[in-house]
Amino acid sequence: MGGPDPTSELERDTLTGLPVVGEARARLRDWLEDANGDDEAPLVHAALLGLRRFETINLAYGESAGDVALAEVARRLNRFLEDDIEGEWMLARGRGGHFVIIARGPCSRERWEWLAEELADSIALPINANEGVLRLSPRIALLRVLANERADTALDRLGIALTSLQRDQNRRVQWADGEEALIGRSGAQLEADLLRAIDRDEIEILFQPQYSLSDNALVGAEALARWQHGELGLIGASALFTIAERADHLMPLSRHIAMRALELASEWPAHLRLSLNVTPADLADNRFAAQLLNVLRQTAFPPQRLTIEVTEHALLGDLSTAQRSLQQLAEQKIEVACDDFGAGFCNFRYLKVLPIGAIKLDRSMVEGVLDDSRDLEVLRAIIALGKALRLKLIAEGVEDEALRVLLADEGCDTYQGFLGGQPMSSREFLELIRP
Ligand code: C2E
Ligand code: CA
Ligand code: CA
């Protein structure tokens, strides 16, 4: 794991909380010194992200809307990099709408370019601000840092490539070494690869353990999908679902994951629960409940041990279809959990009109509670709400012991996070159950 270390004394930008670009330059310099004289293939990659015509957002919507957009871009970049970069990395804020990413570790040219395309997709998604819905058009310059290259020259090369890219209507990603982007892999080819991967069972299901906060006992796991792509390497869940969505393969992918996860979980002892994530496309389909109940019968997994996790995002479509499906599942004793609670707009109406049995507090709701009293008060209010409605409270993204203790004291029921364990293969999960 190579995310930014929150405890270190980096100089940070106040708007986004990211280190300033000078910190990335210094880090890059350190890495290049470490690699000194090494003629191996370059292990350091860099990218410079700019937002095309960003000034027009400030002009049209005002600077505070521009600030909201930049903070949101920083958040999306951080989440994406945390999920998809395996080695060490740093994200820094440059001037204006510029962001610098550096990463160290083995990574193919194809993979670095693919990551940039995915990043660009996620930045291009609409952003909600008070002033209206903002749409950004990201441009990304890419670089593999040469052996013996200086940090300054590397960043200069990126800057030059980005300037030429900003003028271009039709290209989002460009290599600073003048080579053509590979294109192709990122489009149709990748979508065809996905269909084959589903057929060949190359989508892996990992399980992240969940523990009771009162006695630290293992109580179940959430199934999380991964794709080990032959050439691009590991593709994380968010990118996997974006590709499936582009290719219209969401339903087959979801069905495949549900089937595999339930088969594997059928081997577990009877006190453990399984949580499955549900996509917006699943909930919008009126056959979803019947299909899931069918998979439960085929795998002989008891419905009362299953939780399905629904995000607010998944409910934005046709609420009455979702309502019917969830009702049908709840009648069979399947627990419905509201996922990523606190990350979106928290439409409390869902808690009234849907058969919700649990809320899963998003990482962003719990990460600040140890050192910010306002964050703690918000958490307390949500816990009180959950208790009044007799909902189970699950905290996610718990990375340290102090936070676990606090959540237990405040009355949360269960937790999940790197403290208790990273997502692991089903074999590793079985070893955890029966050491
Ligand atoms: P999610 O449901 O909120 O899943 C939790 C994500 O947080 C997982 O990322 C997990 O690896 C990560 N995580 C867990 N503990 C910690 C922690 O302590 N610290 C930090 N920093 N991160 C932690 P992952 O596996 O990359 O999944 C990302 C999202 O993709 C999931 O978010 C979920 O919405 C979606 N997803 C994953 N697998 C599936 C699936 O099989 N089906 C569907 N429909 N969606 C899935
Ligand atoms: Ca989830
Ligand atoms: Ca979540």
# chains A, B, ... in the order shown; residues from 1 in each chain; ligands from 1
$ residues_around --residues "Asp84 of chain A" --least-positions-apart "3" --cutoff "10 Å" --atoms "only C-alpha atoms" --output "compact mmCIF listing (two decimals) with all heavy atoms, in the first residue's frame"
# COMPACT_ATOMS: atom_id res chain seq x y z
N ARG A 79 -9.31 8.14 -4.34
CA ARG A 79 -10.01 6.86 -4.24
C ARG A 79 -9.53 5.90 -5.32
O ARG A 79 -9.27 4.73 -5.08
CB ARG A 79 -11.52 7.08 -4.42
CG ARG A 79 -12.21 7.54 -3.16
CD ARG A 79 -12.69 6.34 -2.33
NE ARG A 79 -12.89 6.73 -0.95
CZ ARG A 79 -14.05 6.62 -0.31
NH1 ARG A 79 -15.10 6.13 -0.90
NH2 ARG A 79 -14.14 6.98 0.95
N PHE A 80 -9.42 6.43 -6.53
CA PHE A 80 -9.04 5.59 -7.67
C PHE A 80 -7.62 5.05 -7.47
O PHE A 80 -7.36 3.86 -7.66
CB PHE A 80 -9.13 6.42 -8.95
CG PHE A 80 -8.93 5.60 -10.18
CD1 PHE A 80 -10.01 5.07 -10.86
CD2 PHE A 80 -7.65 5.34 -10.67
CE1 PHE A 80 -9.83 4.29 -12.00
CE2 PHE A 80 -7.46 4.57 -11.80
CZ PHE A 80 -8.56 4.05 -12.47
N LEU A 81 -6.70 5.91 -7.08
CA LEU A 81 -5.32 5.49 -6.94
C LEU A 81 -5.19 4.48 -5.79
O LEU A 81 -4.45 3.50 -5.90
CB LEU A 81 -4.42 6.71 -6.71
CG LEU A 81 -4.39 7.69 -7.89
CD1 LEU A 81 -3.72 9.00 -7.52
CD2 LEU A 81 -3.69 7.08 -9.10
N GLY A 87 1.89 -0.33 -6.07
CA GLY A 87 3.13 0.12 -5.44
C GLY A 87 2.96 1.42 -4.68
O GLY A 87 1.87 1.79 -4.27
N LEU A 115 -4.71 3.02 -16.96
CA LEU A 115 -5.09 3.72 -15.72
C LEU A 115 -5.49 5.16 -16.01
O LEU A 115 -6.47 5.68 -15.47
CB LEU A 115 -3.94 3.70 -14.71
CG LEU A 115 -3.67 2.39 -13.99
CD1 LEU A 115 -2.34 2.43 -13.25
CD2 LEU A 115 -4.80 2.08 -12.99
N LEU A 234 -3.74 -6.26 -12.59
CA LEU A 234 -4.93 -6.26 -11.75
C LEU A 234 -5.87 -5.10 -12.05
O LEU A 234 -5.45 -3.95 -12.06
CB LEU A 234 -4.50 -6.19 -10.29
CG LEU A 234 -5.63 -6.42 -9.29
CD1 LEU A 234 -6.05 -7.87 -9.31
CD2 LEU A 234 -5.18 -6.01 -7.91
N ILE A 235 -7.12 -5.41 -12.28
CA ILE A 235 -8.13 -4.37 -12.50
C ILE A 235 -9.09 -4.40 -11.31
O ILE A 235 -9.73 -5.42 -11.05
CB ILE A 235 -8.85 -4.61 -13.84
CG1 ILE A 235 -7.85 -4.45 -15.00
CG2 ILE A 235 -10.04 -3.65 -14.00
CD1 ILE A 235 -8.43 -4.56 -16.38
N GLY A 236 -9.16 -3.30 -10.60
CA GLY A 236 -9.98 -3.24 -9.38
C GLY A 236 -11.46 -3.21 -9.68
O GLY A 236 -11.88 -3.06 -10.84
N ALA A 237 -12.25 -3.32 -8.62
CA ALA A 237 -13.70 -3.47 -8.79
C ALA A 237 -14.34 -2.27 -9.51
O ALA A 237 -15.16 -2.47 -10.42
CB ALA A 237 -14.35 -3.67 -7.43
N SER A 238 -13.96 -1.06 -9.14
CA SER A 238 -14.65 0.09 -9.75
C SER A 238 -14.40 0.12 -11.25
O SER A 238 -15.32 0.32 -12.04
CB SER A 238 -14.17 1.41 -9.14
OG SER A 238 -14.03 1.27 -7.76
N ALA A 239 -13.13 -0.09 -11.65
CA ALA A 239 -12.81 -0.08 -13.08
C ALA A 239 -13.49 -1.25 -13.79
O ALA A 239 -14.01 -1.10 -14.90
CB ALA A 239 -11.30 -0.13 -13.27
$ residues_around --residues "Glu396 of chain A" --least-positions-apart "4" --cutoff "12 Å" --atoms "only C-alpha atoms" --output "PyMOL selection string"
chain A and resi 208-211+213+221-222+339-343+359-367+400+403-404+407+412-422
$ residues_around --residues "Asn277 of chain A" --least-positions-apart "3" --cutoff "10 Å" --atoms "only C-alpha atoms" --output "ChimeraX atom specification"
/A:222-225,254,257-258,282,307-311,337,339
$ closest_residue --among "A:Leu146, A:Leu385, A:Leu351, A:Ala358" --to "Ala35 of chain A" --atoms "only C-alpha atoms"
A:Leu146
$ select_by_dssp --residues "segment 186-347 of chain A" --states "alpha helix (DSSP H)" --output "PDB file with C-alpha atoms, in the first residue's frame"
ATOM      1  CA  LEU A 190     -11.043  -4.642 -23.291  1.00  0.00           C
ATOM      2  CA  GLU A 191     -14.763  -5.236 -23.474  1.00  0.00           C
ATOM      3  CA  ALA A 192     -14.236  -8.417 -25.497  1.00  0.00           C
ATOM      4  CA  ASP A 193     -11.591  -9.497 -22.971  1.00  0.00           C
ATOM      5  CA  LEU A 194     -14.178  -9.115 -20.214  1.00  0.00           C
ATOM      6  CA  LEU A 195     -16.689 -11.444 -21.847  1.00  0.00           C
ATOM      7  CA  ARG A 196     -13.989 -14.067 -22.229  1.00  0.00           C
ATOM      8  CA  ALA A 197     -12.876 -13.559 -18.634  1.00  0.00           C
ATOM      9  CA  ILE A 198     -16.400 -14.220 -17.354  1.00  0.00           C
ATOM     10  CA  ASP A 199     -16.544 -17.399 -19.439  1.00  0.00           C
ATOM     11  CA  ALA A 237     -13.699  -3.465  -8.790  1.00  0.00           C
ATOM     12  CA  SER A 238     -14.648   0.093  -9.746  1.00  0.00           C
ATOM     13  CA  ALA A 239     -12.815  -0.077 -13.081  1.00  0.00           C
ATOM     14  CA  LEU A 240     -14.165  -3.566 -13.717  1.00  0.00           C
ATOM     15  CA  PHE A 241     -17.735  -2.352 -13.379  1.00  0.00           C
ATOM     16  CA  THR A 242     -17.095   0.706 -15.551  1.00  0.00           C
ATOM     17  CA  ILE A 243     -15.845  -1.570 -18.347  1.00  0.00           C
ATOM     18  CA  ALA A 244     -18.822  -3.894 -17.919  1.00  0.00           C
ATOM     19  CA  GLU A 245     -21.177  -0.941 -18.077  1.00  0.00           C
ATOM     20  CA  ARG A 246     -19.654   0.387 -21.295  1.00  0.00           C
ATOM     21  CA  LEU A 250     -23.352  -5.644 -16.153  1.00  0.00           C
ATOM     22  CA  MET A 251     -26.041  -8.261 -15.676  1.00  0.00           C
ATOM     23  CA  PRO A 252     -23.961 -11.281 -16.717  1.00  0.00           C
ATOM     24  CA  LEU A 253     -21.094 -10.017 -14.549  1.00  0.00           C
ATOM     25  CA  SER A 254     -23.318  -9.563 -11.494  1.00  0.00           C
ATOM     26  CA  ARG A 255     -24.913 -12.966 -11.955  1.00  0.00           C
ATOM     27  CA  HIS A 256     -21.524 -14.597 -12.305  1.00  0.00           C
ATOM     28  CA  ILE A 257     -20.219 -12.911  -9.128  1.00  0.00           C
ATOM     29  CA  ALA A 258     -23.333 -13.795  -7.108  1.00  0.00           C
ATOM     30  CA  MET A 259     -23.113 -17.433  -8.222  1.00  0.00           C
ATOM     31  CA  ARG A 260     -19.395 -17.799  -7.448  1.00  0.00           C
ATOM     32  CA  ALA A 261     -19.570 -15.955  -4.124  1.00  0.00           C
ATOM     33  CA  LEU A 262     -22.557 -17.972  -2.909  1.00  0.00           C
ATOM     34  CA  GLU A 263     -20.964 -21.255  -3.988  1.00  0.00           C
ATOM     35  CA  LEU A 264     -17.827 -20.416  -2.040  1.00  0.00           C
ATOM     36  CA  ALA A 265     -19.757 -19.174   0.998  1.00  0.00           C
ATOM     37  CA  PRO A 280     -27.781   0.074 -10.209  1.00  0.00           C
ATOM     38  CA  ALA A 281     -28.431  -2.083 -13.303  1.00  0.00           C
ATOM     39  CA  ASP A 282     -29.383  -5.040 -11.085  1.00  0.00           C
ATOM     40  CA  LEU A 283     -31.940  -2.982  -9.205  1.00  0.00           C
ATOM     41  CA  ALA A 284     -33.410  -1.476 -12.341  1.00  0.00           C
ATOM     42  CA  PHE A 288     -33.352  -9.326 -10.370  1.00  0.00           C
ATOM     43  CA  ALA A 289     -35.045 -10.638  -7.207  1.00  0.00           C
ATOM     44  CA  ALA A 290     -36.266 -13.843  -8.846  1.00  0.00           C
ATOM     45  CA  GLN A 291     -32.818 -14.491 -10.316  1.00  0.00           C
ATOM     46  CA  LEU A 292     -31.036 -13.954  -7.012  1.00  0.00           C
ATOM     47  CA  LEU A 293     -33.483 -16.235  -5.171  1.00  0.00           C
ATOM     48  CA  ASN A 294     -32.840 -18.807  -7.858  1.00  0.00           C
ATOM     49  CA  VAL A 295     -29.070 -18.640  -7.340  1.00  0.00           C
ATOM     50  CA  LEU A 296     -29.664 -19.047  -3.591  1.00  0.00           C
ATOM     51  CA  ARG A 297     -31.638 -22.225  -4.222  1.00  0.00           C
ATOM     52  CA  GLN A 298     -29.017 -23.606  -6.597  1.00  0.00           C
ATOM     53  CA  THR A 299     -26.188 -23.004  -4.146  1.00  0.00           C
ATOM     54  CA  GLU A 312     -27.845   5.461  -2.894  1.00  0.00           C
ATOM     55  CA  HIS A 313     -26.523   5.715  -6.419  1.00  0.00           C
ATOM     56  CA  ALA A 314     -28.319   2.447  -7.233  1.00  0.00           C
ATOM     57  CA  LEU A 315     -31.623   3.931  -6.119  1.00  0.00           C
ATOM     58  CA  LEU A 319     -37.356   3.694  -7.285  1.00  0.00           C
ATOM     59  CA  SER A 320     -40.536   1.624  -7.545  1.00  0.00           C
ATOM     60  CA  THR A 321     -38.786  -1.246  -9.367  1.00  0.00           C
ATOM     61  CA  ALA A 322     -36.021  -1.225  -6.756  1.00  0.00           C
ATOM     62  CA  GLN A 323     -38.618  -1.085  -4.002  1.00  0.00           C
ATOM     63  CA  ARG A 324     -40.458  -4.143  -5.352  1.00  0.00           C
ATOM     64  CA  SER A 325     -37.248  -6.180  -5.739  1.00  0.00           C
ATOM     65  CA  LEU A 326     -35.963  -5.324  -2.291  1.00  0.00           C
ATOM     66  CA  GLN A 327     -39.337  -6.089  -0.727  1.00  0.00           C
ATOM     67  CA  GLN A 328     -39.346  -9.525  -2.345  1.00  0.00           C
ATOM     68  CA  LEU A 329     -35.847 -10.225  -1.014  1.00  0.00           C
ATOM     69  CA  ALA A 330     -36.619  -8.918   2.473  1.00  0.00           C
ATOM     70  CA  GLU A 331     -39.656 -11.219   2.640  1.00  0.00           C
TER      71      GLU A 331
END
$ residues_around --residues "Lys352 of chain A" --least-positions-apart "5" --cutoff "12 Å" --atoms "only C-alpha atoms" --output "short mmCIF file (atom, residue, chain, number, x, y, z; two decimals) with N, CA and C atoms, in the first residue's frame"
data_model
loop_
_atom_site.label_atom_id
_atom_site.label_comp_id
_atom_site.auth_asym_id
_atom_site.auth_seq_id
_atom_site.Cartn_x
_atom_site.Cartn_y
_atom_site.Cartn_z
N GLN A 323 -37.82 -0.85 -5.20
CA GLN A 323 -38.62 -1.09 -4.00
C GLN A 323 -39.25 -2.49 -4.05
N ASN A 347 -30.22 10.62 1.37
CA ASN A 347 -31.65 10.82 1.23
C ASN A 347 -32.35 9.91 2.24
N GLY A 357 -32.39 -2.90 6.58
CA GLY A 357 -32.17 -3.50 7.88
C GLY A 357 -30.85 -3.08 8.50
N GLY A 386 -29.90 5.37 13.59
CA GLY A 386 -29.90 3.94 13.28
C GLY A 386 -30.54 3.14 14.41
N LEU A 389 -34.27 3.47 14.61
CA LEU A 389 -34.95 2.71 13.56
C LEU A 389 -34.65 1.21 13.66
N LEU A 391 -31.81 -0.36 13.26
CA LEU A 391 -30.97 -0.81 12.15
C LEU A 391 -29.63 -1.29 12.69
#
$ atom_distance --atom1 "atom 23 (C, counted along the ligand's line) of ligand 1" --atom2 "atom CA of Ala395 of chain A"
11.0 Å
$ closest_residue --among "A:Glu55, A:Glu23, A:Glu401, A:Asp372" --to "ligand 1" --atoms "only C-alpha atoms and all ligand atoms"
A:Glu401
$ closest_residue --among "A:Arg172, A:Arg76, A:Arg167, A:Arg287" --to "Ile123 of chain A" --atoms "only C-alpha atoms"
A:Arg76
$ closest_residue --among "A:Leu48, A:Leu316, A:Ile203, A:Val20" --to "ligand 1" --atoms "only C-alpha atoms and all ligand atoms"
A:Ile203
$ decode --residues "segment 267-326 of chain A" --atoms "C-alpha atoms" --output "short mmCIF file (atom, residue, chain, number, x, y, z; two decimals), in the first residue's frame"
data_model
loop_
_atom_site.label_atom_id
_atom_site.label_comp_id
_atom_site.auth_asym_id
_atom_site.auth_seq_id
_atom_site.Cartn_x
_atom_site.Cartn_y
_atom_site.Cartn_z
CA GLU A 267 -18.62 -24.00 2.55
CA TRP A 268 -18.52 -21.65 5.54
CA PRO A 269 -19.70 -22.50 9.05
CA ALA A 270 -23.33 -21.59 9.69
CA HIS A 271 -22.68 -18.59 11.95
CA LEU A 272 -21.06 -16.54 9.17
CA ARG A 273 -22.88 -14.12 6.88
CA LEU A 274 -22.12 -13.10 3.33
CA SER A 275 -22.55 -9.57 1.94
CA LEU A 276 -23.02 -9.04 -1.79
CA ASN A 277 -22.91 -5.70 -3.61
CA VAL A 278 -25.69 -4.82 -6.01
CA THR A 279 -25.28 -2.55 -9.04
CA PRO A 280 -27.78 0.07 -10.21
CA ALA A 281 -28.43 -2.08 -13.30
CA ASP A 282 -29.38 -5.04 -11.09
CA LEU A 283 -31.94 -2.98 -9.20
CA ALA A 284 -33.41 -1.48 -12.34
CA ASP A 285 -34.18 -4.94 -13.73
CA ASN A 286 -37.49 -6.43 -12.60
CA ARG A 287 -36.12 -9.99 -12.89
CA PHE A 288 -33.35 -9.33 -10.37
CA ALA A 289 -35.05 -10.64 -7.21
CA ALA A 290 -36.27 -13.84 -8.85
CA GLN A 291 -32.82 -14.49 -10.32
CA LEU A 292 -31.04 -13.95 -7.01
CA LEU A 293 -33.48 -16.23 -5.17
CA ASN A 294 -32.84 -18.81 -7.86
CA VAL A 295 -29.07 -18.64 -7.34
CA LEU A 296 -29.66 -19.05 -3.59
CA ARG A 297 -31.64 -22.23 -4.22
CA GLN A 298 -29.02 -23.61 -6.60
CA THR A 299 -26.19 -23.00 -4.15
CA ALA A 300 -28.26 -23.99 -1.09
CA PHE A 301 -27.11 -20.85 0.75
CA PRO A 302 -29.67 -19.85 3.42
CA PRO A 303 -31.23 -16.45 2.57
CA GLN A 304 -31.24 -15.35 6.22
CA ARG A 305 -27.40 -15.36 6.13
CA LEU A 306 -27.22 -13.07 3.11
CA THR A 307 -26.94 -9.27 3.13
CA ILE A 308 -27.20 -7.27 -0.05
CA GLU A 309 -25.51 -3.88 -0.10
CA VAL A 310 -27.31 -1.15 -2.00
CA THR A 311 -25.85 2.30 -2.61
CA GLU A 312 -27.84 5.46 -2.89
CA HIS A 313 -26.52 5.72 -6.42
CA ALA A 314 -28.32 2.45 -7.23
CA LEU A 315 -31.62 3.93 -6.12
CA LEU A 316 -31.52 7.05 -8.24
CA GLY A 317 -33.19 5.29 -11.16
CA ASP A 318 -36.65 3.81 -11.01
CA LEU A 319 -37.36 3.69 -7.28
CA SER A 320 -40.54 1.62 -7.55
CA THR A 321 -38.79 -1.25 -9.37
CA ALA A 322 -36.02 -1.22 -6.76
CA GLN A 323 -38.62 -1.09 -4.00
CA ARG A 324 -40.46 -4.14 -5.35
CA SER A 325 -37.25 -6.18 -5.74
CA LEU A 326 -35.96 -5.32 -2.29
#
